[in-house]
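S.K.: Pasting protein_0.tsv below, which is TSV, C-alpha atoms.
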```tsv
chain	number	residue	atom	x	y	z
A	9	MET	CA	114.67	79.89	95.70
A	10	SER	CA	113.43	80.75	92.23
A	11	ASP	CA	115.49	82.94	89.94
A	12	LEU	CA	115.13	85.09	86.85
A	13	ASN	CA	115.57	82.24	84.37
A	14	SER	CA	111.83	81.98	83.85
A	15	LEU	CA	111.60	85.74	83.32
A	16	THR	CA	114.42	85.93	80.81
A	17	LYS	CA	112.42	83.71	78.49
A	18	THR	CA	110.03	86.63	78.06
A	19	HIS	CA	112.70	89.33	77.87
A	20	HIS	CA	111.27	92.55	76.44
A	21	LYS	CA	113.05	95.40	74.74
A	22	THR	CA	112.12	98.75	76.24
A	23	ASP	CA	110.09	100.90	73.84
A	24	GLY	CA	109.79	104.55	74.84
A	25	ASN	CA	106.67	105.16	72.75
A	26	ILE	CA	104.81	102.16	74.14
A	27	LEU	CA	105.74	103.16	77.68
A	28	SER	CA	104.78	106.79	77.11
A	29	ASN	CA	101.35	105.74	75.82
A	30	SER	CA	100.65	103.34	78.70
A	31	PRO	CA	97.58	104.16	80.84
A	32	PHE	CA	99.76	104.98	83.86
A	33	MET	CA	101.99	107.46	82.05
A	34	LYS	CA	98.96	109.02	80.35
A	35	ALA	CA	97.34	109.52	83.75
A	36	LEU	CA	100.47	111.29	85.02
A	37	ARG	CA	100.03	113.72	82.12
A	38	ARG	CA	96.27	113.92	82.79
A	39	GLU	CA	95.48	112.43	79.39
A	40	LYS	CA	92.50	110.21	78.72
A	41	ALA	CA	93.20	106.47	78.87
A	42	GLU	CA	90.97	103.55	77.93
A	43	THR	CA	90.81	102.45	81.55
A	44	THR	CA	91.84	103.90	84.90
A	45	PRO	CA	95.37	102.60	85.55
A	46	ILE	CA	96.01	100.71	88.77
A	47	TRP	CA	99.05	99.70	90.75
A	48	LEU	CA	99.30	99.04	94.48
A	49	MET	CA	101.75	100.12	97.11
A	50	ARG	CA	103.50	97.01	98.49
A	51	GLN	CA	102.14	95.02	95.56
A	52	ALA	CA	105.26	92.88	95.94
A	53	GLY	CA	105.15	91.86	99.57
A	54	ARG	CA	104.14	89.57	102.39
A	55	PHE	CA	100.67	88.77	101.07
A	56	MET	CA	102.35	86.80	98.24
A	57	PRO	CA	103.27	83.18	99.10
A	58	GLU	CA	106.16	83.38	96.61
A	59	TYR	CA	107.58	86.40	98.43
A	60	ARG	CA	107.25	84.72	101.82
A	61	GLU	CA	109.16	81.74	100.45
A	62	ILE	CA	112.02	84.00	99.36
A	63	ARG	CA	112.02	85.83	102.69
A	64	SER	CA	112.23	82.55	104.59
A	65	LYS	CA	115.69	82.12	103.09
A	66	MET	CA	117.11	85.63	103.41
A	67	GLY	CA	116.81	88.70	105.63
A	68	PHE	CA	115.05	91.83	104.45
A	69	LEU	CA	118.19	93.93	104.03
A	70	GLU	CA	119.92	90.99	102.35
A	71	LEU	CA	117.06	90.87	99.85
A	72	CYS	CA	117.18	94.63	99.26
A	73	HIS	CA	120.90	94.40	98.49
A	74	ASN	CA	120.39	91.61	95.95
A	75	PRO	CA	119.50	93.19	92.56
A	76	GLN	CA	118.54	89.90	90.94
A	77	VAL	CA	116.05	88.92	93.64
A	78	CYS	CA	114.65	92.47	93.83
A	79	ALA	CA	114.04	92.34	90.08
A	80	GLU	CA	112.43	88.93	90.40
A	81	VAL	CA	110.04	90.06	93.15
A	82	THR	CA	109.16	93.27	91.28
A	83	CYS	CA	108.35	91.42	88.05
A	84	MET	CA	106.56	88.62	89.89
A	85	ALA	CA	103.99	91.05	91.28
A	86	VAL	CA	103.27	92.56	87.85
A	87	ASP	CA	102.90	89.14	86.29
A	88	MET	CA	100.65	87.82	89.05
A	89	LEU	CA	98.39	90.84	89.50
A	90	ASN	CA	98.32	92.27	85.96
A	91	VAL	CA	98.77	95.84	87.25
A	92	ASP	CA	99.56	98.82	85.03
A	93	ALA	CA	102.88	99.76	86.63
A	94	ALA	CA	105.73	98.15	88.54
A	95	ILE	CA	107.45	99.67	91.55
A	96	ILE	CA	110.98	98.59	92.28
A	97	PHE	CA	111.35	96.38	95.34
A	98	SER	CA	113.44	98.43	97.76
A	99	ASP	CA	113.03	100.39	101.00
A	100	ILE	CA	112.94	104.10	101.80
A	101	LEU	CA	115.46	103.69	104.63
A	102	LEU	CA	118.32	102.23	102.59
A	103	PRO	CA	120.07	105.62	102.08
A	104	LEU	CA	120.30	105.97	105.87
A	105	GLN	CA	122.71	103.04	106.03
A	106	SER	CA	125.32	105.18	104.34
A	107	LEU	CA	124.93	108.00	106.89
A	108	GLY	CA	126.46	105.83	109.60
A	109	CYS	CA	123.30	105.44	111.67
A	110	GLU	CA	123.53	101.62	111.87
A	111	LEU	CA	120.17	100.56	110.44
A	112	GLU	CA	118.81	97.12	111.29
A	113	PHE	CA	115.48	95.42	110.59
A	114	VAL	CA	114.42	93.50	113.69
A	115	LYS	CA	111.74	90.83	113.43
A	116	GLY	CA	108.60	92.05	115.17
A	117	ASP	CA	109.94	95.58	115.68
A	118	GLY	CA	110.69	96.71	112.14
A	119	PRO	CA	113.50	99.18	111.43
A	120	VAL	CA	115.81	100.11	114.30
A	121	ILE	CA	118.44	102.84	114.07
A	122	HIS	CA	121.14	102.18	116.64
A	123	LYS	CA	122.81	105.59	116.30
A	124	PRO	CA	119.91	108.05	116.13
A	125	VAL	CA	120.21	111.80	115.61
A	126	ARG	CA	119.41	113.56	118.88
A	127	ASN	CA	121.47	116.78	118.89
A	128	VAL	CA	123.42	119.27	116.80
A	129	GLU	CA	126.60	117.19	117.01
A	130	ASP	CA	124.82	114.13	115.64
A	131	VAL	CA	123.79	116.08	112.55
A	132	ALA	CA	127.36	117.31	112.07
A	133	ASN	CA	128.68	113.77	112.40
A	134	LEU	CA	126.52	112.25	109.66
A	135	LEU	CA	128.68	110.75	106.96
A	136	SER	CA	128.72	112.16	103.43
A	137	PHE	CA	128.55	109.64	100.61
A	138	ASP	CA	128.10	109.20	96.89
A	139	CYS	CA	124.51	108.09	96.23
A	140	ALA	CA	125.25	106.32	92.95
A	141	GLU	CA	128.06	104.32	94.51
A	142	SER	CA	126.50	103.56	97.90
A	143	LEU	CA	123.11	102.66	96.44
A	144	SER	CA	124.39	101.01	93.26
A	145	TYR	CA	122.50	97.81	94.12
A	146	VAL	CA	119.18	99.69	93.81
A	147	LEU	CA	120.22	101.04	90.43
A	148	ASP	CA	121.32	97.58	89.30
A	149	ALA	CA	117.93	96.20	90.35
A	150	ILE	CA	116.20	98.89	88.29
A	151	LYS	CA	118.32	98.16	85.22
A	152	LEU	CA	117.65	94.44	85.48
A	153	THR	CA	113.94	94.94	86.16
A	154	ARG	CA	113.53	97.30	83.20
A	155	LYS	CA	115.01	94.65	80.92
A	156	GLU	CA	112.65	91.96	82.19
A	157	LEU	CA	109.40	93.91	82.44
A	158	PRO	CA	106.93	93.82	79.54
A	159	ALA	CA	107.61	96.70	77.16
A	160	HIS	CA	104.37	98.50	78.01
A	161	ILE	CA	104.75	98.42	81.82
A	162	PRO	CA	106.31	101.56	83.38
A	163	LEU	CA	108.67	101.16	86.32
A	164	ILE	CA	108.38	103.43	89.35
A	165	GLY	CA	111.41	104.35	91.42
A	166	PHE	CA	110.99	105.82	94.88
A	167	ALA	CA	112.52	107.38	97.96
A	168	GLY	CA	111.43	108.54	101.39
A	169	ALA	CA	110.70	112.24	101.78
A	170	PRO	CA	113.15	114.30	103.87
A	171	PHE	CA	110.72	114.62	106.80
A	172	THR	CA	109.94	110.91	106.98
A	173	LEU	CA	113.63	110.00	106.78
A	174	ALA	CA	114.41	112.58	109.46
A	175	SER	CA	111.72	111.19	111.75
A	176	TYR	CA	113.18	107.68	111.50
A	177	LEU	CA	116.66	109.06	112.19
A	178	ILE	CA	115.55	111.01	115.25
A	179	GLU	CA	113.05	108.53	116.71
A	180	GLY	CA	115.41	105.60	116.17
A	181	GLY	CA	112.63	103.67	114.42
A	182	SER	CA	108.86	103.87	114.06
A	183	SER	CA	106.77	106.08	116.34
A	184	ARG	CA	103.19	106.97	117.18
A	185	SER	CA	103.59	110.43	118.65
A	186	PHE	CA	106.83	111.58	116.95
A	187	GLU	CA	107.62	113.37	120.19
A	188	LYS	CA	111.41	113.25	119.73
A	189	THR	CA	111.14	114.49	116.14
A	190	LYS	CA	108.95	117.46	117.01
A	191	ARG	CA	110.99	118.32	120.08
A	192	PHE	CA	114.17	118.41	117.98
A	193	MET	CA	112.39	120.46	115.32
A	194	TYR	CA	111.23	123.07	117.84
A	195	ALA	CA	114.33	123.14	120.07
A	196	GLU	CA	117.01	123.04	117.37
A	197	PRO	CA	115.52	124.67	114.26
A	198	ALA	CA	118.92	125.44	112.67
A	199	ALA	CA	120.09	121.84	113.10
A	200	TRP	CA	116.71	120.61	111.89
A	201	HIS	CA	116.92	122.59	108.65
A	202	GLN	CA	120.50	121.45	108.16
A	203	LEU	CA	119.41	117.82	108.54
A	204	MET	CA	116.56	118.36	106.10
A	205	LYS	CA	118.92	119.91	103.55
A	206	ILE	CA	121.23	116.91	103.81
A	207	LEU	CA	118.32	114.51	103.34
A	208	SER	CA	116.78	116.57	100.53
A	209	LYS	CA	120.03	116.36	98.58
A	210	ILE	CA	120.23	112.59	99.12
A	211	VAL	CA	116.61	112.07	98.03
A	212	SER	CA	116.87	114.14	94.85
A	213	GLU	CA	120.16	112.47	93.88
A	214	HIS	CA	118.83	108.98	94.57
A	215	LEU	CA	115.67	109.61	92.53
A	216	THR	CA	117.64	111.14	89.66
A	217	ASN	CA	119.91	108.10	89.61
A	218	GLN	CA	116.90	105.78	89.55
A	219	VAL	CA	115.46	107.57	86.51
A	220	ASN	CA	118.81	107.40	84.77
A	221	ALA	CA	118.92	103.68	85.53
A	222	GLY	CA	115.57	103.09	83.82
A	223	ALA	CA	112.62	104.21	86.00
A	224	GLN	CA	109.83	106.03	84.12
A	225	ALA	CA	108.44	107.87	87.16
A	226	VAL	CA	109.27	108.33	90.84
A	227	GLN	CA	107.27	108.47	94.05
A	228	ILE	CA	108.25	110.37	97.20
A	229	PHE	CA	106.87	108.67	100.30
A	230	ASP	CA	106.11	111.08	103.16
A	231	SER	CA	104.61	108.35	105.30
A	232	TRP	CA	104.62	110.18	108.65
A	233	VAL	CA	104.13	113.82	107.73
A	234	GLY	CA	100.44	113.71	108.67
A	235	CYS	CA	101.47	114.02	112.33
A	236	LEU	CA	102.26	117.72	111.77
A	237	SER	CA	100.04	120.78	111.93
A	238	ARG	CA	99.63	122.92	108.84
A	239	TRP	CA	101.87	125.61	110.36
A	240	ASP	CA	104.67	123.17	111.20
A	241	TYR	CA	104.44	121.57	107.76
A	242	ALA	CA	104.69	124.96	106.05
A	243	GLU	CA	107.57	126.09	108.26
A	244	TYR	CA	109.71	123.00	108.73
A	245	VAL	CA	108.92	120.61	105.88
A	246	TYR	CA	107.39	122.11	102.75
A	247	PRO	CA	110.41	124.25	101.73
A	248	HIS	CA	112.58	121.15	101.70
A	249	LEU	CA	110.03	119.14	99.73
A	250	ARG	CA	109.86	121.92	97.18
A	251	GLU	CA	113.67	121.99	96.94
A	252	THR	CA	113.83	118.21	96.55
A	253	VAL	CA	111.39	118.28	93.66
A	254	ALA	CA	113.04	121.30	92.04
A	255	ASN	CA	116.40	119.53	92.08
A	256	LEU	CA	114.91	116.70	90.00
A	257	ASN	CA	114.71	119.20	87.12
A	258	LYS	CA	111.60	117.52	85.67
A	259	ILE	CA	113.68	114.50	84.66
A	260	ALA	CA	110.55	112.33	85.13
A	261	PRO	CA	107.01	112.60	86.52
A	262	VAL	CA	106.90	112.85	90.32
A	263	ILE	CA	104.24	111.49	92.70
A	264	TYR	CA	104.06	112.76	96.29
A	265	PHE	CA	102.29	110.54	98.81
A	266	GLY	CA	101.63	110.85	102.52
A	267	THR	CA	99.16	109.37	104.98
A	268	ASP	CA	96.63	111.40	107.00
A	269	THR	CA	97.50	114.51	104.99
A	270	ALA	CA	94.10	115.94	104.03
A	271	HIS	CA	94.86	119.09	106.06
A	272	LEU	CA	98.19	119.55	104.27
A	273	LEU	CA	97.11	119.15	100.64
A	274	SER	CA	96.47	122.85	100.05
A	275	ILE	CA	100.13	123.50	100.94
A	276	ALA	CA	101.67	120.40	99.33
A	277	LYS	CA	100.04	121.27	96.00
A	278	GLY	CA	102.56	124.11	95.67
A	279	ALA	CA	105.38	121.63	95.15
A	280	ASP	CA	105.95	121.09	91.45
A	281	VAL	CA	104.86	117.43	91.44
A	282	ASP	CA	102.72	115.81	88.76
A	283	MET	CA	100.53	113.70	91.01
A	284	ILE	CA	99.56	113.61	94.68
A	285	GLY	CA	98.57	110.37	96.39
A	286	VAL	CA	95.91	110.47	99.10
A	287	ASP	CA	94.76	107.92	101.67
A	288	TRP	CA	91.24	106.75	102.54
A	289	ARG	CA	90.66	109.38	105.25
A	290	CYS	CA	89.56	111.94	102.66
A	291	ASP	CA	87.11	111.78	99.77
A	292	LEU	CA	88.91	111.63	96.45
A	293	ASP	CA	86.80	114.33	94.82
A	294	GLU	CA	87.32	116.79	97.69
A	295	ALA	CA	91.05	116.06	97.74
A	296	TRP	CA	91.27	116.63	93.99
A	297	ARG	CA	89.46	119.96	94.27
A	298	THR	CA	91.92	120.97	96.98
A	299	ILE	CA	95.08	120.10	95.05
A	300	GLY	CA	93.58	121.37	91.80
A	301	HIS	CA	92.60	119.55	88.63
A	302	ASP	CA	95.83	120.74	87.02
A	303	LYS	CA	97.48	117.89	88.95
A	304	ALA	CA	96.80	114.18	88.74
A	305	ILE	CA	95.66	112.22	91.80
A	306	GLN	CA	96.32	108.71	93.10
A	307	GLY	CA	94.24	106.67	95.51
A	308	ASN	CA	92.50	105.87	97.66
A	309	LEU	CA	90.94	102.55	98.76
A	310	ASP	CA	91.36	101.55	102.41
A	311	PRO	CA	93.65	98.48	102.31
A	312	VAL	CA	91.48	96.72	104.90
A	313	ILE	CA	88.59	96.64	102.41
A	314	LEU	CA	90.52	93.89	100.64
A	315	TYR	CA	89.71	91.59	103.56
A	316	ALA	CA	86.00	92.01	102.80
A	317	ASP	CA	83.71	90.09	100.45
A	318	LYS	CA	83.70	90.87	96.73
A	319	GLN	CA	80.43	92.80	96.85
A	320	THR	CA	81.83	95.19	99.46
A	321	ILE	CA	85.02	95.61	97.44
A	322	ARG	CA	82.95	96.34	94.34
A	323	GLU	CA	80.86	98.97	96.13
A	324	ARG	CA	83.92	100.81	97.43
A	325	VAL	CA	85.64	100.74	94.03
A	326	GLU	CA	82.47	102.12	92.42
A	327	GLN	CA	82.42	104.92	95.01
A	328	ILE	CA	86.02	105.95	94.31
A	329	LEU	CA	85.67	105.77	90.53
A	330	GLY	CA	82.46	107.73	90.88
A	331	LYS	CA	84.26	110.49	92.75
A	332	ALA	CA	86.94	110.60	90.04
A	333	LYS	CA	84.10	111.07	87.51
A	334	GLY	CA	86.20	109.68	84.68
A	335	ARG	CA	88.38	112.80	84.74
A	336	PRO	CA	91.77	112.10	83.14
A	337	GLY	CA	94.58	111.94	85.68
A	338	HIS	CA	93.35	109.37	88.20
A	339	VAL	CA	95.52	106.39	89.11
A	340	PHE	CA	93.72	103.86	91.29
A	341	ASN	CA	95.71	102.74	94.32
A	342	LEU	CA	95.27	101.90	97.96
A	343	GLY	CA	95.47	104.55	100.64
A	344	HIS	CA	98.52	102.68	101.95
A	345	GLY	CA	100.29	99.38	101.23
A	346	VAL	CA	98.73	95.94	100.76
A	347	LEU	CA	98.48	94.36	104.21
A	348	PRO	CA	100.30	91.07	104.91
A	349	GLN	CA	97.22	88.86	105.41
A	350	THR	CA	95.32	90.16	102.38
A	351	PRO	CA	93.84	87.33	100.26
A	352	VAL	CA	95.68	87.19	96.94
A	353	ASP	CA	92.45	86.48	95.04
A	354	ASN	CA	90.93	89.71	96.37
A	355	VAL	CA	93.90	91.73	95.14
A	356	LYS	CA	93.56	90.17	91.69
A	357	TYR	CA	89.83	90.83	91.78
A	358	LEU	CA	90.44	94.49	92.61
A	359	VAL	CA	92.69	94.97	89.58
A	360	GLU	CA	90.19	93.28	87.25
A	361	LEU	CA	87.33	95.26	88.76
A	362	VAL	CA	88.97	98.68	88.33
A	363	ARG	CA	89.68	97.84	84.70
A	364	GLU	CA	86.14	96.56	84.09
A	365	LEU	CA	84.30	99.43	85.78
A	366	SER	CA	86.50	102.25	84.46
A	367	ALA	CA	86.15	100.98	80.89
A	368	LYS	CA	82.41	101.70	81.16
A	369	GLN	CA	82.84	105.31	82.23
```
Go through the file and emit its structure as structure tokens.

M.R.:
Amino acid sequence: MSDLNSLTKTHHKTDGNILSNSPFMKALRREKAETTPIWLMRQAGRFMPEYREIRSKMGFLELCHNPQVCAEVTCMAVDMLNVDAAIIFSDILLPLQSLGCELEFVKGDGPVIHKPVRNVEDVANLLSFDCAESLSYVLDAIKLTRKELPAHIPLIGFAGAPFTLASYLIEGGSSRSFEKTKRFMYAEPAAWHQLMKILSKIVSEHLTNQVNAGAQAVQIFDSWVGCLSRWDYAEYVYPHLRETVANLNKIAPVIYFGTDTAHLLSIAKGADVDMIGVDWRCDLDEAWRTIGHDKAIQGNLDPVILYADKQTIRERVEQILGKAKGRPGHVFNLGHGVLPQTPVDNVKYLVELVRELSAKQ
């Protein structure tokens, strides 16, 4: 397994002014940058041979608990892809380990929660914990990564949104219909809101700690919230999102991202976030009109396009940049994470292409 020795040779001192004037941070403030900044969700992941080599020698949770290897993987992606921002290698479900739900990652099945939340008593029995202490390995990874990243590359911290964390807790893992989650939400509204308050507090504390450890911005992943109707989102989810963001006290720019959320954007825009990420199911220009041009936007190439030929990739990138119309505040990203079988050369081509085409706008 490789280590950070090669990275320490290019150790960079963090410079707040250089970071603040980076294209990514400018976009978060909706300021004009020379090119449209780009980073990719799961830019450090299974499509990278180097990552697969590391994973062949250690389990996923073992990796997540190893600050040095997390830093290595995070920096490796930036170095290989030449993106405009790094995102710490971690997982949204890690805080759930400390709640006593017995989280495990099972090969072929993904995350499994052996003690799911199914009733009022289960909510009452969740363990309380100190975020900084229980998740210190994430904070250590951020500190180490910040030291090793180039001075001009911002580092993004992240956490799962309260709803998405709640859905994992209740379903016991991934789901298609989220039947158990919705049933709990409708049948036990008081317990539901109590659970969401617990998770909101954890998320805001974890994100605050990540900023204090060296992250320049944070992203809240609401991966599964698109399964809800507008009414349910407004009633059961949005108040807790708003509280989560408010508790961050503007310590750093905040990005909110969910999949299949076009019908929820007009509500989500009320949360005091700086940027909203959208997936490929909606047109970027329509989504931006909905959330308002007083917020920045992130997105929104379909990750599967990266399996296509370069001409097809170029056409889709031109479409998205065209919809952004060169307006300050656009960060180019995928509509979800890089898929495991994605050709590395196509990912590199995408980054180069966004920089080339946006420079001409």

S.K.: Identify which of the residues A:Leu365, A:Ile206, A:Cys235, A:Ile263 lies closest to Phe186 of chain A, counting only C-alpha atoms when measuring atom-to-atom distances.

M.R.: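 Closest residue, counting only C-alpha atoms: A:Cys235.
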
S.K.: Where does segment 232-315 of chain A meet segment 190-195 of chain A within 12 Å, residue by residue, with the nearest atom pair and distance in Å to one decimal for each, counting only C-alpha atoms, listed by chain and rising number, as a Markdown table?

M.R.:
```
| residue | atom | partner | partner_atom | distance |
| --- | --- | --- | --- | --- |
| A:Trp232 | CA | A:Lys190 | CA | 11.9 |
| A:Val233 | CA | A:Lys190 | CA | 11.1 |
| A:Cys235 | CA | A:Lys190 | CA | 9.5 |
| A:Leu236 | CA | A:Lys190 | CA | 8.5 |
| A:Ser237 | CA | A:Lys190 | CA | 10.8 |
| A:Asp240 | CA | A:Met193 | CA | 9.2 |
| A:Tyr241 | CA | A:Met193 | CA | 11.0 |
| A:Glu243 | CA | A:Met193 | CA | 10.2 |
| A:Tyr244 | CA | A:Met193 | CA | 7.6 |
| A:Val245 | CA | A:Met193 | CA | 10.1 |
```

S.K.: For a quick check of understanding, using only C-alpha atoms, which of A:Ser208, A:Thr82, A:Gln202, A:Ser28 has the smallest distance to Pro261 of chain A?

M.R.: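 Under the stated criterion, the closest residue is A:Ser28.
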
S.K.: Which value, in Å to one decimal, gives the distance between atom CA of Asn25 of chain A and atom CA of Asn257 of chain A?

M.R.: 21.6 Å

S.K.: Choose the residue, out of A:Arg63, A:Arg322, A:Arg250, A:Arg289, that has the smallest atom-to-atom separation from Lys115 of chain A; count all atoms listed in the file.

M.R.: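 The shortest atom-to-atom distance to Lys115 of chain A comes from A:Arg63.
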
S.K.: Between atom CA of Gln306 of chain A and atom CA of Glu179 of chain A, measure the distance and give it in Å to one decimal.

M.R.: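 Separation of atom CA of Gln306 of chain A and atom CA of Glu179 of chain A: 28.9 Å.
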
S.K.: Identify, on the basis of all atoms listed in the file, every residue whose closest approach to Ile313 of chain A does not exceed 10 Å; exclude the query and any residue fewer than 3 positions from it along the same chain; express the result as a ChimeraX atom specification.

M.R.: /A:309-310,316-318,320-322,324-325,342,350,354
